[in-house]
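Note: the block below is work_10.csv and it holds CSV, N, CA and C atoms.
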```
chain,number,residue,atom,x,y,z
A,896,MET,N,0.8,-1.2,0.0
A,896,MET,CA,0.0,0.0,0.0
A,896,MET,C,0.9,1.2,0.0
A,897,SER,N,0.7,2.1,-0.9
A,897,SER,CA,1.5,3.3,-1.0
A,897,SER,C,0.9,4.5,-0.1
A,898,ARG,N,1.8,5.2,0.4
A,898,ARG,CA,1.3,6.4,1.3
A,898,ARG,C,1.3,7.6,0.4
A,899,THR,N,0.3,8.4,0.5
A,899,THR,CA,0.2,9.6,-0.2
A,899,THR,C,0.7,10.8,0.7
A,900,HIS,N,1.5,11.6,0.1
A,900,HIS,CA,2.1,12.7,0.8
A,900,HIS,C,1.5,14.0,0.3
A,901,ALA,N,1.3,14.9,1.2
A,901,ALA,CA,0.8,16.2,0.8
A,901,ALA,C,1.9,16.9,0.0
A,902,ALA,N,1.6,17.6,-1.0
A,902,ALA,CA,2.6,18.4,-1.7
A,902,ALA,C,3.2,19.5,-0.9
A,903,ARG,N,4.4,19.7,-1.0
A,903,ARG,CA,5.1,20.8,-0.3
A,903,ARG,C,4.6,22.1,-0.9
A,904,PRO,N,4.3,23.1,0.0
A,904,PRO,CA,3.8,24.4,-0.5
A,904,PRO,C,4.9,25.1,-1.3
A,905,PHE,N,4.5,25.9,-2.3
A,905,PHE,CA,5.5,26.7,-3.1
A,905,PHE,C,6.0,27.9,-2.2
A,906,ARG,N,7.3,28.0,-2.2
A,906,ARG,CA,7.9,29.1,-1.4
A,906,ARG,C,8.8,29.9,-2.3
A,907,PRO,N,8.3,31.1,-2.7
A,907,PRO,CA,9.2,31.9,-3.6
A,907,PRO,C,10.5,32.4,-2.9
A,908,ALA,N,11.4,32.8,-3.7
A,908,ALA,CA,12.7,33.2,-3.1
A,908,ALA,C,12.6,34.4,-2.2
A,909,SER,N,11.6,35.3,-2.4
A,909,SER,CA,11.4,36.5,-1.7
A,909,SER,C,10.9,36.2,-0.3
A,910,ALA,N,10.5,35.0,0.0
A,910,ALA,CA,9.9,34.6,1.3
A,910,ALA,C,10.9,34.5,2.5
A,911,GLY,N,12.2,34.5,2.2
A,911,GLY,CA,13.2,34.3,3.2
A,911,GLY,C,14.4,35.2,3.1
A,912,PHE,N,15.5,34.7,3.5
A,912,PHE,CA,16.8,35.4,3.5
A,912,PHE,C,17.6,35.3,2.2
A,913,VAL,N,17.0,34.7,1.2
A,913,VAL,CA,17.7,34.4,0.0
A,913,VAL,C,17.9,35.7,-0.8
A,914,THR,N,16.9,36.6,-0.8
A,914,THR,CA,16.9,37.8,-1.6
A,914,THR,C,17.5,39.0,-0.9
A,915,PRO,N,18.2,39.9,-1.5
A,915,PRO,CA,18.8,41.1,-0.9
A,915,PRO,C,17.7,42.1,-0.4
A,916,ILE,N,16.5,41.9,-0.9
A,916,ILE,CA,15.4,42.8,-0.4
A,916,ILE,C,15.2,42.7,1.1
A,917,THR,N,15.4,41.5,1.6
A,917,THR,CA,15.2,41.2,3.0
A,917,THR,C,16.1,42.1,3.9
A,918,TYR,N,17.3,42.4,3.4
A,918,TYR,CA,18.3,43.2,4.1
A,918,TYR,C,18.2,44.7,3.9
A,919,PHE,N,17.3,45.1,3.0
A,919,PHE,CA,17.3,46.6,2.7
A,919,PHE,C,17.0,47.4,3.9
A,920,TYR,N,16.0,47.2,4.6
A,920,TYR,CA,15.6,48.1,5.7
A,920,TYR,C,16.7,48.1,6.8
A,921,PRO,N,17.2,47.0,7.3
A,921,PRO,CA,18.3,47.1,8.3
A,921,PRO,C,19.5,47.9,7.9
A,922,VAL,N,19.9,47.6,6.6
A,922,VAL,CA,21.1,48.4,6.1
A,922,VAL,C,20.8,49.8,5.9
A,923,TYR,N,19.6,50.2,5.4
A,923,TYR,CA,19.2,51.5,5.3
A,923,TYR,C,19.1,52.2,6.6
A,924,PHE,N,18.6,51.6,7.6
A,924,PHE,CA,18.5,52.2,8.9
A,924,PHE,C,19.9,52.4,9.6
A,925,ALA,N,20.8,51.5,9.4
A,925,ALA,CA,22.1,51.6,9.9
A,925,ALA,C,22.9,52.8,9.3
A,926,VAL,N,22.7,52.9,8.0
A,926,VAL,CA,23.4,54.0,7.3
A,926,VAL,C,22.8,55.3,7.7
A,927,LEU,N,21.5,55.4,7.9
A,927,LEU,CA,20.8,56.6,8.3
A,927,LEU,C,21.3,57.0,9.8
A,928,LEU,N,21.4,56.0,10.6
A,928,LEU,CA,21.8,56.2,12.0
A,928,LEU,C,23.2,56.7,12.1
A,929,VAL,N,24.2,56.1,11.3
A,929,VAL,CA,25.6,56.5,11.4
A,929,VAL,C,25.7,57.9,10.8
A,930,HIS,N,25.0,58.2,9.7
A,930,HIS,CA,25.1,59.5,9.1
A,930,HIS,C,24.5,60.6,10.0
A,931,ARG,N,23.5,60.3,10.7
A,931,ARG,CA,22.9,61.3,11.7
A,931,ARG,C,24.0,61.5,12.8
A,932,GLU,N,24.6,60.5,13.3
A,932,GLU,CA,25.6,60.6,14.4
A,932,GLU,C,26.7,61.5,13.9
A,933,MET,N,27.1,61.4,12.7
A,933,MET,CA,28.2,62.2,12.1
A,933,MET,C,27.8,63.7,12.1
A,934,ARG,N,26.6,63.9,11.7
A,934,ARG,CA,26.1,65.3,11.6
A,934,ARG,C,26.0,65.9,13.0
A,935,ASP,N,25.4,65.1,14.0
A,935,ASP,CA,25.3,65.6,15.3
A,935,ASP,C,26.7,65.9,16.0
A,936,GLU,N,27.6,65.0,15.7
A,936,GLU,CA,29.0,65.2,16.2
A,936,GLU,C,29.6,66.6,15.7
A,937,HIS,N,29.4,66.8,14.4
A,937,HIS,CA,29.9,68.1,13.9
A,937,HIS,C,29.2,69.3,14.5
A,938,LYS,N,27.9,69.3,14.6
A,938,LYS,CA,27.1,70.4,15.1
A,938,LYS,C,27.4,70.6,16.6
A,939,CYS,N,27.5,69.5,17.4
A,939,CYS,CA,27.8,69.7,18.8
A,939,CYS,C,29.2,70.2,19.1
A,940,ALA,N,30.2,69.8,18.2
A,940,ALA,CA,31.5,70.3,18.4
A,940,ALA,C,31.6,71.7,18.1
A,941,ALA,N,30.8,72.2,17.1
A,941,ALA,CA,30.8,73.6,16.8
A,941,ALA,C,30.1,74.4,17.9
A,942,LYS,N,29.0,73.9,18.4
A,942,LYS,CA,28.2,74.6,19.4
A,942,LYS,C,28.9,74.6,20.8
A,943,TYR,N,29.4,73.5,21.3
A,943,TYR,CA,29.8,73.4,22.6
A,943,TYR,C,31.3,73.5,22.8
A,944,GLY,N,32.1,73.3,21.8
A,944,GLY,CA,33.6,73.5,21.8
A,944,GLY,C,34.3,72.6,22.8
A,945,SER,N,35.0,73.1,23.8
A,945,SER,CA,35.8,72.3,24.7
A,945,SER,C,34.9,71.5,25.6
A,946,ALA,N,33.7,71.9,25.9
A,946,ALA,CA,32.8,71.1,26.7
A,946,ALA,C,32.4,69.8,26.0
A,947,TRP,N,32.3,69.9,24.7
A,947,TRP,CA,32.0,68.7,23.9
A,947,TRP,C,33.2,67.7,23.9
A,948,ALA,N,34.4,68.3,23.9
A,948,ALA,CA,35.6,67.4,23.9
A,948,ALA,C,35.7,66.7,25.3
A,949,GLN,N,35.3,67.4,26.4
A,949,GLN,CA,35.2,66.8,27.7
A,949,GLN,C,34.2,65.7,27.7
A,950,TYR,N,33.1,65.9,27.1
A,950,TYR,CA,32.0,64.9,27.1
A,950,TYR,C,32.5,63.7,26.3
A,951,LYS,N,33.1,63.9,25.2
A,951,LYS,CA,33.6,62.8,24.4
A,951,LYS,C,34.6,62.0,25.1
A,952,ALA,N,35.4,62.6,26.0
A,952,ALA,CA,36.4,61.9,26.8
A,952,ALA,C,35.7,61.0,27.8
A,953,LEU,N,34.6,61.4,28.3
A,953,LEU,CA,33.8,60.6,29.3
A,953,LEU,C,33.0,59.6,28.6
A,954,VAL,N,32.5,59.8,27.4
A,954,VAL,CA,31.7,58.9,26.7
A,954,VAL,C,32.3,58.6,25.4
A,955,PRO,N,33.2,57.6,25.3
A,955,PRO,CA,34.0,57.3,24.1
A,955,PRO,C,33.2,56.6,23.0
A,956,TYR,N,32.1,55.9,23.3
A,956,TYR,CA,31.4,55.2,22.2
A,956,TYR,C,30.2,56.0,21.8
A,957,ARG,N,29.9,56.0,20.5
A,957,ARG,CA,28.9,56.9,19.9
A,957,ARG,C,27.5,56.3,19.9
A,958,ILE,N,27.4,55.1,19.4
A,958,ILE,CA,26.1,54.4,19.2
A,958,ILE,C,25.9,53.2,20.0
A,959,ILE,N,26.9,52.2,19.8
A,959,ILE,CA,26.8,50.9,20.5
A,959,ILE,C,28.0,50.8,21.4
A,960,PRO,N,27.8,50.7,22.7
A,960,PRO,CA,28.9,50.6,23.7
A,960,PRO,C,29.9,49.5,23.3
A,961,TYR,N,31.2,49.8,23.4
A,961,TYR,CA,32.3,48.9,23.1
A,961,TYR,C,32.4,48.4,21.7
A,962,VAL,N,31.6,49.0,20.8
A,962,VAL,CA,31.6,48.7,19.3
A,962,VAL,C,31.9,49.9,18.5
A,963,TYR,N,31.0,50.9,18.6
A,963,TYR,CA,31.2,52.2,17.9
A,963,TYR,C,30.6,53.3,18.6
```
How would this structure read if it were set down as structure tokens?
Amino acid sequence: MSRTHAARPFRPASAGFVTPITYFYPVYFAVLLVHREMRDEHKCAAKYGSAWAQYKALVPYRIIPYVY
């Protein structure tokens, strides 16, 4: 007696991590965040001067502690 198996459902490539579209938002968000940090750094250095340098000495990481 043969057993009948249900057909496997069709899964297009865009349904998982196969396509680069999956990574678009995280990469876009990371670029946006780093660019904003660079702009803020420049504006705060111009506005606060030596006080900003002191702050940077106390807080060495910009976005992720011990990474960046």
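One finds CA of Gln949 (chain A) at 20.9 Å from CA of Arg931 (chain A).
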- line: In Å and to one decimal, atom C of Tyr923 (chain A) is distant from CA of Tyr943 (chain A) by 28.6 Å
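For the pair atom C of His930 (chain A) and atom C of Ala952 (chain A), the separation is 21.0 Å.
For region 929-963 of chain A, the set of residues given alpha helix (DSSP H) by DSSP on the backbone reads A:Val929, A:His930, A:Arg931, A:Glu932, A:Met933, A:Arg934, A:Asp935, A:Glu936, A:His937, A:Lys938, A:Cys939, A:Ala940, A:Ala941, A:Lys942, A:Tyr943, A:Ser945, A:Ala946, A:Trp947, A:Ala948, A:Gln949, A:Tyr950, A:Lys951, A:Ala952, A:Leu953.
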task: Might you pull out every residue within 12 Å of Asp935 (chain A), with only C-alpha atoms counted and same-chain residues fewer than 6 positions away left off, and present them as number ranges by chain?
output: A: 928-929, 941-943, 947, 957-958
